[in-house]
>>> print(open('input-v1.txt').read())   # compact mmCIF, C-alpha atoms and all ligand atoms
# COMPACT_ATOMS: atom_id res chain seq x y z
CA MET A 7 -22.28 -3.79 -18.49
CA ILE A 8 -20.44 -2.87 -15.33
CA GLU A 9 -17.83 -5.60 -15.91
CA GLN A 10 -16.93 -3.97 -19.24
CA THR A 11 -15.19 -1.14 -17.42
CA LYS A 12 -12.21 -3.36 -16.52
CA ILE A 13 -8.98 -2.04 -17.94
CA SER A 14 -6.55 -4.17 -19.87
CA PHE A 15 -3.01 -3.11 -19.09
CA GLU A 16 -0.96 -4.03 -22.12
CA GLU A 17 -0.74 -0.34 -22.70
CA ARG A 18 1.54 2.49 -23.75
CA ALA A 19 1.12 5.16 -21.14
CA ILE A 20 1.72 8.88 -20.63
CA LEU A 21 1.90 10.07 -16.99
CA VAL A 22 0.65 13.43 -15.74
CA GLY A 23 1.13 15.14 -12.37
CA VAL A 24 0.94 18.57 -10.80
CA CYS A 25 3.69 20.28 -8.81
CA ARG A 26 1.67 22.07 -6.14
CA GLN A 27 2.36 25.12 -4.06
CA GLY A 28 4.86 24.22 -1.35
CA GLN A 29 6.28 21.30 -3.33
CA THR A 30 9.67 21.26 -4.99
CA PHE A 31 9.94 20.13 -8.58
CA GLU A 32 12.26 17.37 -7.40
CA GLN A 33 9.52 16.04 -5.10
CA ALA A 34 6.91 16.18 -7.85
CA LYS A 35 9.28 14.27 -10.09
CA GLU A 36 9.83 11.57 -7.49
CA TYR A 37 6.07 11.24 -6.99
CA LEU A 38 5.72 10.72 -10.71
CA ASP A 39 8.52 8.13 -10.61
CA GLU A 40 6.36 6.26 -8.10
CA LEU A 41 3.39 6.52 -10.48
CA SER A 42 5.65 5.15 -13.20
CA PHE A 43 6.61 2.19 -10.95
CA LEU A 44 2.91 1.62 -10.22
CA SER A 45 2.04 1.62 -13.92
CA GLN A 46 4.82 -0.87 -14.65
CA THR A 47 3.58 -3.08 -11.83
CA ALA A 48 0.20 -2.96 -13.58
CA GLY A 49 1.83 -4.09 -16.84
CA ALA A 50 1.73 -0.78 -18.71
CA LYS A 51 4.71 0.84 -20.39
CA PRO A 52 5.30 4.45 -19.26
CA LEU A 53 6.66 6.47 -22.19
CA ARG A 54 6.55 10.13 -21.19
CA SER A 55 5.83 12.16 -18.05
CA PHE A 56 4.38 15.64 -17.77
CA ILE A 57 4.46 17.83 -14.66
CA GLN A 58 2.77 21.21 -14.50
CA LYS A 59 3.49 23.79 -11.79
CA LEU A 60 0.11 24.93 -10.43
CA ASP A 61 -1.22 26.09 -7.07
CA LYS A 62 -3.58 23.15 -7.28
CA PRO A 63 -5.03 21.04 -10.11
CA ILE A 64 -7.45 22.94 -12.39
CA SER A 65 -11.04 22.00 -11.65
CA SER A 66 -12.15 21.51 -15.27
CA THR A 67 -9.18 19.67 -16.83
CA TYR A 68 -6.61 19.02 -14.02
CA VAL A 69 -3.83 20.68 -16.09
CA GLY A 70 -4.12 23.78 -18.29
CA SER A 71 -5.29 23.68 -21.90
CA GLY A 72 -1.79 24.35 -23.27
CA LYS A 73 -0.42 21.37 -21.32
CA LEU A 74 -3.27 19.21 -22.60
CA GLU A 75 -2.28 20.09 -26.16
CA GLU A 76 1.33 19.08 -25.43
CA ILE A 77 0.07 15.80 -24.02
CA LYS A 78 -2.10 15.24 -27.08
CA LEU A 79 0.95 15.72 -29.29
CA ALA A 80 2.97 13.28 -27.17
CA ILE A 81 0.19 10.71 -27.51
CA GLU A 82 0.42 10.95 -31.28
CA GLU A 83 4.23 10.90 -31.35
CA ASN A 84 4.48 7.89 -29.04
CA ASP A 85 1.43 6.06 -30.27
CA ALA A 86 0.20 6.00 -26.66
CA ASN A 87 -3.24 4.69 -25.74
CA LEU A 88 -3.48 5.46 -22.03
CA VAL A 89 -3.00 8.58 -19.90
CA ILE A 90 -2.60 8.18 -16.14
CA PHE A 91 -3.13 11.12 -13.77
CA ASP A 92 -1.40 11.17 -10.39
CA ASP A 93 -4.50 12.43 -8.51
CA ASP A 94 -8.11 11.39 -8.38
CA LEU A 95 -10.08 12.96 -11.21
CA THR A 96 -13.64 14.18 -10.78
CA PRO A 97 -16.24 12.83 -13.24
CA SER A 98 -16.30 16.16 -15.09
CA GLN A 99 -12.48 16.31 -15.30
CA THR A 100 -12.51 12.80 -16.75
CA ARG A 101 -15.17 13.79 -19.30
CA ASN A 102 -13.35 16.96 -20.39
CA ILE A 103 -9.92 15.34 -20.61
CA ASP A 104 -11.42 12.40 -22.43
CA LYS A 105 -12.90 14.72 -25.02
CA ALA A 106 -9.61 16.57 -25.49
CA LEU A 107 -7.28 13.57 -25.64
CA GLU A 108 -9.47 10.85 -27.18
CA VAL A 109 -7.64 7.99 -25.45
CA LYS A 110 -8.32 6.09 -22.28
CA VAL A 111 -7.87 8.27 -19.19
CA ILE A 112 -7.52 6.87 -15.68
CA ASP A 113 -6.43 8.22 -12.30
CA ARG A 114 -4.08 6.98 -9.59
CA SER A 115 -6.84 5.32 -7.56
CA ALA A 116 -8.08 3.32 -10.55
CA LEU A 117 -4.50 2.18 -11.18
CA ILE A 118 -3.94 1.09 -7.57
CA LEU A 119 -7.31 -0.68 -7.50
CA HIS A 120 -6.39 -2.49 -10.70
CA ILE A 121 -3.08 -3.69 -9.20
CA PHE A 122 -4.81 -4.85 -6.02
CA SER A 123 -7.42 -6.75 -8.04
CA GLU A 124 -4.70 -8.52 -10.03
CA ARG A 125 -2.76 -9.44 -6.89
CA ALA A 126 -5.56 -10.52 -4.57
CA GLN A 127 -5.24 -14.23 -3.80
CA THR A 128 -7.57 -15.16 -0.98
CA ALA A 129 -11.37 -14.90 -1.02
CA GLN A 130 -11.13 -12.16 1.59
CA ALA A 131 -8.67 -9.99 -0.36
CA LYS A 132 -10.69 -10.49 -3.56
CA ILE A 133 -13.92 -9.31 -1.95
CA GLN A 134 -12.14 -6.42 -0.21
CA VAL A 135 -10.81 -5.17 -3.54
CA GLU A 136 -14.13 -5.75 -5.31
CA LEU A 137 -15.90 -3.71 -2.65
CA ALA A 138 -13.41 -0.85 -2.98
CA GLN A 139 -13.77 -0.93 -6.78
CA TYR A 140 -17.55 -0.68 -6.67
CA GLN A 141 -17.35 2.15 -4.17
CA TYR A 142 -14.89 3.94 -6.42
CA MET A 143 -17.17 3.48 -9.44
CA LEU A 144 -20.44 4.55 -7.84
CA PRO A 145 -19.98 8.34 -8.02
CA ARG A 146 -18.29 8.06 -11.42
CA LEU A 147 -20.91 6.12 -13.36
CA SER A 148 -21.85 8.86 -15.81
CA GLY A 149 -18.18 9.27 -16.76
CA LEU A 150 -17.86 5.54 -17.30
CA TRP A 151 -20.84 5.54 -19.66
CA THR A 152 -19.12 8.12 -21.86
CA HIS A 153 -16.00 5.93 -21.90
CA LEU A 154 -17.93 2.86 -22.86
CA SER A 155 -19.89 4.41 -25.66
CA LYS A 156 -16.52 5.37 -27.19
CA GLN A 157 -14.82 2.05 -26.60
CA ARG A 158 -17.61 0.19 -28.28
CA GLY A 159 -17.82 2.60 -31.19
CA GLY A 160 -20.97 4.03 -29.75
CA ILE A 161 -23.27 1.34 -31.14
CA GLY A 162 -26.46 1.27 -29.20
CA LEU A 163 -24.96 3.19 -26.33
CA LYS A 164 -24.78 6.78 -27.49
CA GLY A 165 -26.84 9.07 -25.37
CA ALA A 166 -27.03 6.69 -22.44
CA GLY A 167 -29.48 8.45 -20.24
CA GLU A 168 -30.04 8.90 -16.57
CA LYS A 169 -32.31 5.84 -16.60
CA GLU A 170 -29.52 3.44 -17.54
CA ILE A 171 -27.15 5.10 -15.12
CA GLU A 172 -29.71 4.77 -12.35
CA THR A 173 -30.10 1.05 -13.12
CA ASP A 174 -26.33 0.61 -12.87
CA ARG A 175 -26.25 2.57 -9.66
CA ARG A 176 -28.79 0.18 -8.20
CA ILE A 177 -26.78 -2.84 -9.36
CA LEU A 178 -23.63 -1.38 -7.81
CA ARG A 179 -25.37 -0.66 -4.52
CA ASN A 180 -26.61 -4.24 -4.38
CA ARG A 181 -23.16 -5.58 -5.05
CA ILE A 182 -21.64 -3.32 -2.40
CA ALA A 183 -24.16 -4.61 0.13
CA HIS A 184 -23.41 -8.21 -0.89
CA CYS A 185 -19.63 -7.75 -0.56
CA LYS A 186 -20.04 -6.18 2.87
CA LYS A 187 -22.14 -9.13 4.04
CA GLU A 188 -19.61 -11.65 2.74
CA LEU A 189 -16.79 -9.77 4.46
CA VAL A 190 -18.56 -9.79 7.80
CA LYS A 191 -18.80 -13.60 7.54
CA ILE A 192 -15.11 -14.00 6.72
CA GLU A 193 -14.09 -11.48 9.37
CA ARG A 194 -15.93 -13.42 12.06
CA GLN A 195 -13.80 -16.47 11.34
CA GLY A 196 -10.69 -14.27 11.47
CA GLU A 197 -11.67 -12.89 14.85
CA THR A 198 -11.94 -16.36 16.33
CA ARG A 199 -8.59 -17.31 14.88
CA ARG A 200 -6.97 -14.19 16.32
CA LYS A 201 -8.55 -14.71 19.74
CA ASN A 202 -7.05 -18.19 19.90
CA ARG A 203 -3.65 -16.62 19.45
CA SER A 204 -4.05 -14.06 22.15
CA SER A 205 -1.83 -15.79 24.71
CA PHE A 206 1.23 -14.98 22.59
CA VAL A 207 2.93 -11.66 22.23
CA ARG A 208 2.24 -10.51 18.69
CA VAL A 209 4.62 -8.60 16.46
CA ALA A 210 3.51 -7.10 13.13
CA LEU A 211 5.62 -5.86 10.23
CA VAL A 212 4.23 -2.65 8.80
CA GLY A 213 5.61 -0.09 6.35
CA TYR A 214 5.51 1.50 2.93
CA THR A 215 5.24 -0.86 -0.01
CA ASN A 216 8.46 -2.46 -1.36
CA VAL A 217 10.61 -1.62 1.69
CA GLY A 218 11.48 -5.26 2.50
CA LYS A 219 8.84 -6.39 5.01
CA SER A 220 8.43 -9.84 3.45
CA THR A 221 12.18 -10.23 3.03
CA LEU A 222 12.66 -9.49 6.72
CA MET A 223 9.84 -11.89 7.62
CA ASN A 224 11.67 -14.59 5.67
CA VAL A 225 15.01 -13.79 7.31
CA LEU A 226 13.59 -13.81 10.84
CA SER A 227 11.32 -16.81 10.47
CA LYS A 228 13.15 -18.81 7.83
CA SER A 229 9.85 -19.01 5.98
CA LYS A 230 9.19 -18.30 2.36
CA VAL A 231 6.64 -15.60 1.73
CA LEU A 232 6.62 -13.80 -1.59
CA GLU A 233 9.20 -11.03 -1.87
CA GLU A 234 9.41 -9.11 -5.10
CA ASN A 235 10.61 -5.83 -6.52
CA LYS A 236 7.04 -4.86 -7.25
CA LEU A 237 4.59 -2.68 -5.42
CA PHE A 238 2.01 -4.52 -3.36
CA ALA A 239 3.57 -7.99 -3.64
CA THR A 240 1.82 -8.83 -0.37
CA LEU A 241 -1.92 -8.30 0.09
CA ASP A 242 -2.83 -11.00 2.56
CA THR A 243 -1.60 -11.24 6.09
CA THR A 244 0.77 -14.13 6.86
CA VAL A 245 1.24 -15.08 10.49
CA ARG A 246 4.09 -17.31 11.69
CA LYS A 247 4.60 -18.75 15.14
CA MET A 248 8.22 -18.22 16.04
CA ASN A 249 10.64 -19.03 18.83
CA PHE A 250 13.67 -17.03 19.85
CA GLY A 251 15.29 -19.52 22.20
CA ARG A 252 12.38 -20.93 24.14
CA MET A 253 10.36 -17.78 23.86
CA PRO A 254 7.40 -18.04 21.50
CA PHE A 255 5.72 -15.14 19.74
CA LEU A 256 3.77 -14.49 16.56
CA LEU A 257 5.14 -12.51 13.64
CA SER A 258 2.89 -11.21 10.87
CA ASP A 259 3.56 -9.69 7.48
CA THR A 260 0.92 -7.55 5.86
CA VAL A 261 -0.08 -5.21 3.05
CA GLY A 262 2.18 -2.19 2.47
CA PHE A 263 1.05 1.42 2.34
CA ILE A 264 1.52 4.09 -0.32
CA ARG A 265 0.75 7.77 -0.51
CA LYS A 266 -2.77 8.60 -1.71
CA LEU A 267 -3.97 5.07 -1.07
CA PRO A 268 -7.65 5.17 -2.12
CA HIS A 269 -9.58 5.59 1.10
CA HIS A 270 -12.14 2.92 0.12
CA LEU A 271 -9.26 0.50 -0.09
CA VAL A 272 -7.99 1.42 3.37
CA GLU A 273 -11.52 0.98 4.69
CA SER A 274 -12.09 -2.41 3.12
CA PHE A 275 -8.64 -3.65 4.18
CA ARG A 276 -9.33 -2.78 7.80
CA SER A 277 -9.83 -6.42 8.77
CA THR A 278 -6.57 -7.46 7.09
CA LEU A 279 -4.90 -4.79 9.18
CA ALA A 280 -6.56 -6.08 12.35
CA GLU A 281 -3.45 -8.19 12.87
CA ALA A 282 -1.41 -4.98 13.17
CA GLN A 283 -4.09 -3.38 15.30
CA GLU A 284 -4.11 -6.19 17.84
CA SER A 285 -0.37 -6.70 17.94
CA ASP A 286 1.79 -5.71 20.91
CA ILE A 287 4.77 -4.49 18.91
CA LEU A 288 5.04 -2.98 15.43
CA LEU A 289 8.20 -3.34 13.40
CA HIS A 290 7.97 -0.32 11.12
CA VAL A 291 10.24 -1.19 8.19
CA VAL A 292 11.70 1.78 6.27
CA ASP A 293 13.63 1.70 2.98
CA ALA A 294 16.57 3.86 4.08
CA ALA A 295 17.89 3.92 0.50
CA HIS A 296 14.76 5.57 -0.88
CA PRO A 297 15.19 9.31 -1.52
CA GLN A 298 11.73 9.97 -0.06
CA PHE A 299 11.99 7.72 2.99
CA GLU A 300 11.07 10.53 5.40
CA ASP A 301 7.90 11.18 3.44
CA GLN A 302 7.16 7.47 3.48
CA ILE A 303 7.53 7.30 7.28
CA LYS A 304 4.93 10.04 7.52
CA VAL A 305 2.54 8.31 5.11
CA VAL A 306 2.76 5.12 7.18
CA LYS A 307 2.17 6.98 10.45
CA ASP A 308 -0.81 8.86 8.99
CA THR A 309 -2.33 5.68 7.54
CA LEU A 310 -1.92 3.84 10.86
CA ASP A 311 -3.53 6.81 12.57
CA SER A 312 -6.45 6.85 10.14
CA ILE A 313 -7.30 3.24 10.94
CA GLY A 314 -7.05 3.83 14.65
CA ILE A 315 -3.67 2.19 15.30
CA LYS A 316 -2.24 4.45 17.96
CA ASP A 317 -0.08 4.29 21.07
CA LYS A 318 1.77 1.16 20.03
CA MET A 319 5.29 0.13 20.82
CA ILE A 320 7.05 0.78 17.51
CA ILE A 321 10.55 -0.31 16.62
CA THR A 322 11.64 1.48 13.45
CA VAL A 323 13.76 -0.78 11.25
CA PHE A 324 15.84 1.14 8.71
CA ASN A 325 16.43 -1.49 6.01
CA LYS A 326 18.54 -1.70 2.81
CA PHE A 327 21.63 -0.25 4.53
CA ASP A 328 23.75 -2.26 2.08
CA LEU A 329 22.81 0.33 -0.57
CA LEU A 330 24.11 3.35 1.35
CA ASP A 331 27.50 5.05 1.42
CA GLU A 332 29.25 5.54 4.78
CA ASP A 333 28.28 9.21 5.17
CA THR A 334 24.57 8.56 4.61
CA LYS A 335 24.67 5.60 7.00
CA ALA A 336 26.21 7.78 9.71
CA TYR A 337 23.75 10.60 9.04
CA ILE A 338 20.69 8.33 9.30
CA GLN A 339 21.97 6.56 12.41
CA ARG A 340 22.63 9.89 14.08
CA SER A 341 19.32 11.50 13.08
CA TYR A 342 17.06 8.55 13.79
CA HIS A 343 18.69 7.00 16.80
CA SER A 344 15.19 6.92 18.28
CA ILE A 345 11.78 8.12 17.09
CA GLU A 346 9.34 9.49 19.66
CA ASN A 347 11.39 7.87 22.41
CA MET A 348 11.16 4.46 20.82
CA PRO A 349 14.21 2.65 19.49
CA SER A 350 15.43 2.29 15.91
CA VAL A 351 17.68 -0.34 14.33
CA PHE A 352 19.66 -0.20 11.11
CA ILE A 353 19.91 -3.38 9.06
CA SER A 354 20.14 -5.04 5.68
CA ALA A 355 17.70 -7.89 5.32
CA ARG A 356 19.45 -8.84 2.09
CA THR A 357 23.00 -9.20 3.48
CA ARG A 358 21.80 -10.04 7.03
CA TRP A 359 23.88 -7.11 8.35
CA GLN A 360 22.85 -6.27 11.95
CA ILE A 361 20.05 -8.84 12.00
CA ASP A 362 21.42 -10.02 15.36
CA ALA A 363 21.04 -6.51 16.78
CA LEU A 364 17.42 -6.50 15.66
CA ARG A 365 16.81 -9.92 17.23
CA GLU A 366 18.39 -8.74 20.45
CA LEU A 367 16.21 -5.65 20.67
CA LEU A 368 13.08 -7.55 19.63
CA THR A 369 13.74 -10.27 22.19
CA ALA A 370 14.13 -7.78 25.03
CA THR A 371 10.96 -5.98 23.97
CA ILE A 372 8.94 -9.19 23.74
CA VAL A 373 10.16 -10.32 27.17
CA GLN A 374 9.07 -6.95 28.54
CA LYS A 375 5.62 -7.36 26.95
CA TYR A 376 5.17 -10.83 28.49
CA LYS A 377 6.20 -9.45 31.88
CA GLU A 378 3.64 -6.65 31.63
CA ARG A 379 0.83 -9.16 31.22
CA PRO A 380 -1.16 -9.62 34.40
CA ASN A 381 -1.52 -13.01 36.11
CA GLN A 382 0.44 -14.95 33.55
CA ASN A 383 3.10 -17.40 34.47
CA TYR A 384 5.47 -17.56 31.58
CA PHE A 385 7.72 -20.35 32.79
CA PHE A 386 9.81 -20.10 29.67
CA LEU A 387 10.89 -16.62 30.65
CA GLN A 388 12.38 -17.70 33.98
CA ASP A 389 15.69 -18.85 32.67
CA PHE A 390 15.42 -17.32 29.26
CA GLU A 391 18.70 -16.49 27.64
CA PRO A 392 17.85 -13.55 25.44
CA ILE A 393 20.30 -14.17 22.64
CA GLU A 394 22.07 -17.47 22.77
CA GLY A 395 20.49 -20.37 21.07
CA TYR A 396 17.73 -18.60 19.22
CA GLU A 397 16.51 -20.35 16.17
N1 LIG S 401 19.39 -4.01 -1.50
C1 LIG S 401 18.44 -4.50 -0.68
N2 LIG S 401 17.26 -4.90 -1.19
C2 LIG S 401 16.34 -5.40 -0.34
C3 LIG S 401 16.58 -5.51 1.06
N3 LIG S 401 15.45 -6.03 1.63
C4 LIG S 401 14.56 -6.23 0.62
N4 LIG S 401 15.10 -5.86 -0.59
C5 LIG S 401 14.45 -5.93 -1.91
O1 LIG S 401 13.35 -5.02 -1.95
C6 LIG S 401 12.31 -5.53 -2.77
C7 LIG S 401 11.00 -5.54 -2.00
O2 LIG S 401 11.08 -6.51 -0.97
P1 LIG S 401 9.78 -7.13 -0.28
O3 LIG S 401 10.26 -7.93 0.88
O4 LIG S 401 8.92 -7.81 -1.29
O5 LIG S 401 9.07 -5.79 0.21
P2 LIG S 401 7.66 -5.63 0.94
O6 LIG S 401 7.84 -4.50 1.89
O7 LIG S 401 7.18 -6.92 1.48
O8 LIG S 401 6.76 -5.13 -0.30
P3 LIG S 401 5.16 -5.26 -0.53
O9 LIG S 401 4.69 -6.59 -0.07
O10 LIG S 401 5.09 -5.08 -2.03
O11 LIG S 401 4.56 -4.10 0.21
C8 LIG S 401 12.78 -6.93 -3.21
O12 LIG S 401 13.33 -6.81 -4.49
C9 LIG S 401 13.83 -7.29 -2.17
O13 LIG S 401 14.80 -8.19 -2.67
C10 LIG S 401 17.85 -5.08 1.56
O14 LIG S 401 18.17 -5.14 2.75
N5 LIG S 401 18.74 -4.58 0.65
MG MG S 402 5.52 -8.01 1.03
>>> encode(input="input-v1.txt", output="structure tokens", more="lines below")
Ligand SMILES: Nc1nc2c(ncn2[C@@H]2O[C@H](COP(=O)(O)OP(=O)(O)OP(=O)(O)O)[C@@H](O)[C@H]2O)c(=O)[nH]1
Ligand SMILES: [Mg+2]
Amino acid sequence: MIEQTKISFEERAILVGVCRQGQTFEQAKEYLDELSFLSQTAGAKPLRSFIQKLDKPISSTYVGSGKLEEIKLAIEENDANLVIFDDDLTPSQTRNIDKALEVKVIDRSALILHIFSERAQTAQAKIQVELAQYQYMLPRLSGLWTHLSKQRGGIGLKGAGEKEIETDRRILRNRIAHCKKELVKIERQGETRRKNRSSFVRVALVGYTNVGKSTLMNVLSKSKVLEENKLFATLDTTVRKMNFGRMPFLLSDTVGFIRKLPHHLVESFRSTLAEAQESDILLHVVDAAHPQFEDQIKVVKDTLDSIGIKDKMIITVFNKFDLLDEDTKAYIQRSYHSIENMPSVFISARTRWQIDALRELLTATIVQKYKERPNQNYFFLQDFEPIEGYE
């Protein structure tokens, strides 16, 4: 029965968010644009958006009853069959909204988990997502039962009692334990692989989703990892051994971040992010053409912090400069010349503009990192020409 809760995403969706105290309406609108992009990535068609100005979401129904009526009307007018809320809903909110709207209701976390589950390729990513999904479902089981009894026309399910819910809870707990065990096995292999690489300086690309990390990986390494105008194109870490001149190092591309990333997902992706954790240098890629890029920088920093990635050498790479006018370029270059005393570069991975400047800075930083290593004789650094002849 637990499998039945999967959502099919050929849907016509209405989006709902709250503009909180301290937020501008413009910000709330951009957040909802992101939710719209997420729902399209999931395969749904966003038709209308609703934002209500509130100090914080209402505990019983997230938005007020008047707004719910408006939404109900919009559902009828647009023949919508899905409503997506921009925040996590409590089980009782889900139940109440469900009753009022009589269509499928999901929250932002469920949407992100769905996208991750569709995109996961490797055994590790699949189990990581599965684990996060079960953890998400566990406290929400009673709400899910109400959903299911409706979806199936109620036959044989109406009045599902605590007993059935308890059985499901037990099943979920068993599955969670099983996933965790499987992950430990896979992670052990990963650890060995990473240890074998430890003689090289390691560089990891990190950043908000869709900023151009994979595109930059392809430009720098001449490899071909998936780059797409979709959120969360990359879920698995790719590592490439590279040479700038005769100097070897490892470059890795990994999963992007987003605001309000479900915390279970962050937890279960910890091992995927180990590559970033153990790297010597982070290239923090920023989409300079995104209206909320400052917010995104903060989300990335906070997420890195929350998984214990601190005190790293970070080069901030402001990407997509080809999309900016001259004034904005000058403003960003002036304002972000360095961040916390660490350098920034301004590039376009698409047009290759200033890629050489990035290589130059990266080369110097890698050389420095090799030199800092105790008791290591890096012969290739002796007569290393930082720029000429790199591959
Ligand atoms: N205009 C412009 N577009 C770019 C640039 N770099 C990347 N893009 C586009 O941005 C989109 C996202 O690129 P990706 O490289 O997949 O981004 P990512 O950060 O790896 O995204 P996820 O893996 O989804 O987190 C693609 O459509 C790229 O073509 C750039 O310098 N300029
Ligand atoms: Mg990517």
>>> closest_residue(input="input-v1.txt", among="A:Ala183, A:Val245, A:Val292, A:Val207", to="ligand LIG 401 (chain S)", atoms="only C-alpha atoms and all ligand atoms")
A:Val292
>>> residues_near_ligand(input="input-v1.txt", ligand="ligand MG 402 (chain S)", cutoff="6 Å", atoms="all atoms listed in the file", output="ChimeraX atom specification")
/A:219-220,233,239-240
>>> closest_residue(input="input-v1.txt", among="A:Glu32, A:Asp293, A:Asp174, A:Glu16", to="ligand LIG 401 (chain S)", atoms="only C-alpha atoms and all ligand atoms")
A:Asp293
>>> closest_atom_pairs(input="input-v1.txt", of="chain A", to="ligand LIG 401 (chain S)", cutoff="9 Å", atoms="only C-alpha atoms and all ligand atoms", output="CSV")
residue,atom,partner,partner_atom,distance
A:Leu211,CA,S:LIG401,O6,8.7
A:Val212,CA,S:LIG401,O6,8.0
A:Gly213,CA,S:LIG401,O6,6.7
A:Tyr214,CA,S:LIG401,O11,6.3
A:Thr215,CA,S:LIG401,O11,3.3
A:Asn216,CA,S:LIG401,O8,3.3
A:Val217,CA,S:LIG401,O6,4.0
A:Gly218,CA,S:LIG401,O3,3.4
A:Lys219,CA,S:LIG401,O6,3.8
A:Ser220,CA,S:LIG401,O3,3.7
A:Thr221,CA,S:LIG401,O3,3.7
A:Leu222,CA,S:LIG401,O3,6.5
A:Met223,CA,S:LIG401,O3,7.8
A:Asn224,CA,S:LIG401,O3,8.3
A:Val231,CA,S:LIG401,O3,8.5
A:Leu232,CA,S:LIG401,O4,6.4
A:Glu233,CA,S:LIG401,O4,3.3
A:Glu234,CA,S:LIG401,O4,4.1
A:Asn235,CA,S:LIG401,O12,3.5
A:Lys236,CA,S:LIG401,O10,5.6
A:Leu237,CA,S:LIG401,O10,4.2
A:Phe238,CA,S:LIG401,O10,3.4
A:Ala239,CA,S:LIG401,O10,3.7
A:Thr240,CA,S:LIG401,O9,3.7
A:Leu241,CA,S:LIG401,O9,6.8
A:Asp259,CA,S:LIG401,O7,7.5
A:Thr260,CA,S:LIG401,O9,7.1
A:Val261,CA,S:LIG401,O11,5.6
A:Gly262,CA,S:LIG401,O11,3.8
A:Phe263,CA,S:LIG401,O11,6.9
A:Ile264,CA,S:LIG401,O11,8.8
A:Val291,CA,S:LIG401,O6,7.5
A:Val292,CA,S:LIG401,O6,8.6
A:Asp293,CA,S:LIG401,C3,8.0
A:Ala295,CA,S:LIG401,N1,8.3
A:Phe324,CA,S:LIG401,O14,9.0
A:Asn325,CA,S:LIG401,O14,5.2
A:Lys326,CA,S:LIG401,O14,3.5
A:Phe327,CA,S:LIG401,O14,6.2
A:Asp328,CA,S:LIG401,N5,5.7
A:Leu329,CA,S:LIG401,N1,5.6
A:Ile353,CA,S:LIG401,O14,6.8
A:Ser354,CA,S:LIG401,O14,3.5
A:Ala355,CA,S:LIG401,O14,3.8
A:Arg356,CA,S:LIG401,O14,4.0
A:Thr357,CA,S:LIG401,O14,6.4
A:Arg358,CA,S:LIG401,O14,7.5
A:Trp359,CA,S:LIG401,O14,8.2
>>> residues_around(input="input-v1.txt", residues="Gln339 (chain A)", least_positions_apart="5", cutoff="10 Å", atoms="all atoms listed in the file", output="NGL selection string")
:A and (324 or 333-334 or 344 or 350-352)
>>> closest_residue(input="input-v1.txt", among="A:Ser98, A:Thr47, A:Asn87, A:Ser66", to="Arg18 (chain A)", atoms="all atoms listed in the file")
A:Asn87
>>> atom_distance(input="input-v1.txt", atom1="CA of Pro268 (chain A)", atom2="CA of Val305 (chain A)")
12.9 Å
>>> closest_residue(input="input-v1.txt", among="A:Ala280, A:Pro145, A:Ile133, A:Glu124", to="Lys201 (chain A)", atoms="all atoms listed in the file")
A:Ala280
>>> closest_residue(input="input-v1.txt", among="A:Cys185, A:Ala294, A:Leu256, A:Leu60", to="Ala336 (chain A)", atoms="only C-alpha atoms")
A:Ala294
>>> residues_around(input="input-v1.txt", residues="Leu74 (chain A)", least_positions_apart="2", cutoff="12 Å", atoms="only C-alpha atoms", output="PyMOL selection string")
chain A and resi 20-23+56-58+64+66-72+76-81+89+91+102-108
>>> closest_residue(input="input-v1.txt", among="A:Asp311, A:Glu378, A:Glu17, A:Glu332", to="Lys110 (chain A)", atoms="all atoms listed in the file")
A:Glu17
>>> atom_distance(input="input-v1.txt", atom1="CA of Leu267 (chain A)", atom2="CA of His120 (chain A)")
12.5 Å
>>> residues_around(input="input-v1.txt", residues="Glu346 (chain A)", least_positions_apart="4", cutoff="12 Å", atoms="only C-alpha atoms", output="compact mmCIF listing (two decimals) with C-alpha atoms, in the coordinates of the input")
# COMPACT_ATOMS: atom_id res chain seq x y z
CA LYS A 307 2.17 6.98 10.45
CA ASP A 317 -0.08 4.29 21.07
CA LYS A 318 1.77 1.16 20.03
CA MET A 319 5.29 0.13 20.82
CA ILE A 320 7.05 0.78 17.51
CA ILE A 321 10.55 -0.31 16.62
CA THR A 322 11.64 1.48 13.45
CA TYR A 342 17.06 8.55 13.79
CA SER A 350 15.43 2.29 15.91
